[in-house]
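Text of protein_29.tsv (TSV, C-alpha atoms) as supplied:
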chain	number	residue	atom	x	y	z
A	1	PHE	CA	118.47	20.75	-31.43
A	2	TYR	CA	121.10	20.46	-34.17
A	3	GLY	CA	121.73	16.85	-35.04
A	4	ALA	CA	117.99	16.19	-34.64
A	5	GLU	CA	116.13	13.50	-36.57
A	6	LEU	CA	112.79	13.91	-38.37
A	7	HIS	CA	110.74	11.15	-39.97
A	8	VAL	CA	108.18	12.29	-42.56
A	9	ALA	CA	105.64	9.97	-44.18
A	10	ARG	CA	102.68	10.54	-46.50
A	11	VAL	CA	102.97	14.32	-46.80
A	12	HIS	CA	102.30	16.58	-49.79
A	13	ILE	CA	104.30	19.81	-50.00
A	14	THR	CA	103.54	22.05	-52.95
A	15	ASN	CA	104.19	25.54	-54.36
A	16	SER	CA	106.85	26.70	-51.89
A	17	ALA	CA	108.68	29.79	-53.06
A	18	ARG	CA	112.02	28.14	-52.29
A	19	ALA	CA	112.65	24.63	-50.98
A	20	GLY	CA	109.93	22.07	-50.45
A	21	MET	CA	111.95	20.97	-47.41
A	22	TYR	CA	115.06	22.57	-45.92
A	23	VAL	CA	117.34	20.49	-43.70
A	24	ILE	CA	120.02	22.25	-41.65
A	25	GLY	CA	122.34	20.01	-39.65
A	26	ALA	CA	119.76	17.27	-39.06
A	27	THR	CA	118.70	13.88	-40.40
A	28	LEU	CA	115.55	13.70	-42.54
A	29	SER	CA	113.91	10.37	-43.29
A	30	ILE	CA	111.16	10.69	-45.89
A	31	GLU	CA	108.84	8.09	-47.39
A	32	ARG	CA	105.67	7.90	-49.52
A	33	SER	CA	105.62	11.69	-49.94
A	34	ARG	CA	105.10	14.17	-52.79
A	35	ILE	CA	107.12	17.39	-53.06
A	36	ALA	CA	105.72	19.30	-56.04
A	37	CYS	CA	106.26	22.62	-57.85
A	38	ASN	CA	108.92	24.11	-55.56
A	39	ALA	CA	112.08	25.96	-56.57
A	40	PHE	CA	114.12	23.11	-54.98
A	41	ASP	CA	112.93	19.67	-53.91
A	42	ILE	CA	115.06	19.43	-50.76
A	43	ALA	CA	117.72	21.96	-49.75
A	44	THR	CA	120.44	20.84	-47.37
A	45	ARG	CA	123.15	22.62	-45.45
A	46	THR	CA	125.75	21.73	-42.84
A	47	PHE	CA	125.27	23.70	-39.65
A	48	THR	CA	128.47	25.08	-38.15
A	49	GLY	CA	128.23	26.47	-34.63
A	50	THR	CA	130.13	26.68	-31.38
A	51	ALA	CA	129.41	22.98	-30.71
A	52	GLY	CA	130.95	21.93	-34.05
A	53	GLU	CA	129.70	20.91	-37.47
A	54	PHE	CA	126.47	19.00	-38.04
A	55	PRO	CA	126.03	17.79	-41.63
A	56	SER	CA	122.58	17.17	-43.05
A	57	LYS	CA	121.69	13.54	-43.75
A	58	LEU	CA	118.84	12.23	-45.88
A	59	GLU	CA	117.26	8.79	-45.81
A	60	ASP	CA	114.97	7.81	-48.69
A	61	GLY	CA	112.35	5.39	-47.39
A	62	GLY	CA	110.92	4.94	-50.90
A	63	GLY	CA	107.70	5.89	-52.61
A	64	ASN	CA	108.61	9.59	-52.93
A	65	ALA	CA	107.98	11.77	-56.00
A	66	CYS	CA	109.06	15.29	-56.86
A	67	GLY	CA	108.60	17.68	-59.76
A	68	CYS	CA	105.84	19.81	-61.17
A	69	ASP	CA	104.70	18.84	-64.66
A	70	THR	CA	106.33	15.41	-64.46
A	71	THR	CA	107.30	13.30	-61.48
A	72	ALA	CA	110.86	12.26	-60.86
A	73	ARG	CA	113.11	11.14	-58.07
A	74	CYS	CA	113.54	13.84	-55.42
A	75	ARG	CA	116.82	15.73	-55.51
A	76	ALA	CA	118.66	17.24	-52.57
A	77	GLN	CA	121.03	20.11	-53.16
A	78	ASN	CA	122.89	22.81	-51.33
A	79	ALA	CA	120.84	25.75	-52.49
A	80	GLY	CA	123.13	28.41	-51.05
A	81	LEU	CA	120.53	29.45	-48.49
A	82	GLU	CA	121.89	30.95	-45.29
A	83	SER	CA	122.01	28.96	-42.06
A	84	PRO	CA	120.46	30.44	-38.95
A	85	VAL	CA	122.69	32.22	-36.47
A	86	ASP	CA	124.07	29.99	-33.70
A	87	ARG	CA	122.41	30.74	-30.37
A	88	PRO	CA	124.37	30.56	-27.11
A	89	ASP	CA	123.42	27.57	-24.94

Step by step, read the file and then write its structure as structure tokens.
Amino acid sequence: FYGAELHVARVHITNSARAGMYVIGATLSIERSRIACNAFDIATRTFTGTAGEFPSKLEDGGGNACGCDTTARCRAQNAGLESPVDRPD
């Protein structure tokens, strides 16, 4: 399932202990959503496994807001979180 695509619209994610969303080796398209009061807005990471490398890709569909006390543009960052272990096929 690495290299998968996910489209998210009109969601509200709040008060996560770490990332509001975490994308590992997949494409995330997000629009008209609110990611509030999380340690990171969106964490990304390239997945490296036996089938190769799958970088994370983000598509901003517009209308998104992040932050806690104030709203701002959502930020994606490599948060240094560990990728899952590659499973044999």

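With only C-alpha atoms taken into account, the protein and nucleic acid residues at most 12 Å from Arg18 (chain A) (excluding it and anything under 4 positions from it in its own chain) are Ile13, Thr14, Tyr22, Ile35, Ala36, Cys37, Asn38, Ala39, Phe40, Asp41, Ile42, Ala43, Ala79, Gly80 and Leu81 of chain A.
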
Residues within 10 Å of Gly61 (chain A), please, as an mmCIF file with C-alpha atoms, in the frame of the given file. Count only C-alpha atoms; anything in the same chain fewer than 3 positions from it doesn't count.
data_model
loop_
_atom_site.group_PDB
_atom_site.id
_atom_site.type_symbol
_atom_site.label_atom_id
_atom_site.label_comp_id
_atom_site.auth_asym_id
_atom_site.auth_seq_id
_atom_site.Cartn_x
_atom_site.Cartn_y
_atom_site.Cartn_z
ATOM 1 C CA HIS A 7 110.740 11.150 -39.970
ATOM 2 C CA VAL A 8 108.180 12.290 -42.560
ATOM 3 C CA ALA A 9 105.640 9.970 -44.180
ATOM 4 C CA SER A 29 113.910 10.370 -43.290
ATOM 5 C CA ILE A 30 111.160 10.690 -45.890
ATOM 6 C CA GLU A 31 108.840 8.090 -47.390
ATOM 7 C CA ARG A 32 105.670 7.900 -49.520
ATOM 8 C CA SER A 33 105.620 11.690 -49.940
ATOM 9 C CA LEU A 58 118.840 12.230 -45.880
ATOM 10 C CA ASN A 64 108.610 9.590 -52.930
#

(request) Could you jot down the CA of Thr50 (chain A) to CA of Asn78 (chain A) separation for me, Å, one decimal place? (result) 21.6 Å

(message) Given all atoms listed in the file as the basis, pick out the residue of A:Gly3, A:Leu28, A:Ala19, A:Arg34 nearest to Cys66 (chain A).
(response)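 Of A:Gly3, A:Leu28, A:Ala19, A:Arg34, the one nearest Cys66 (chain A), counting all atoms listed in the file, is A:Arg34.
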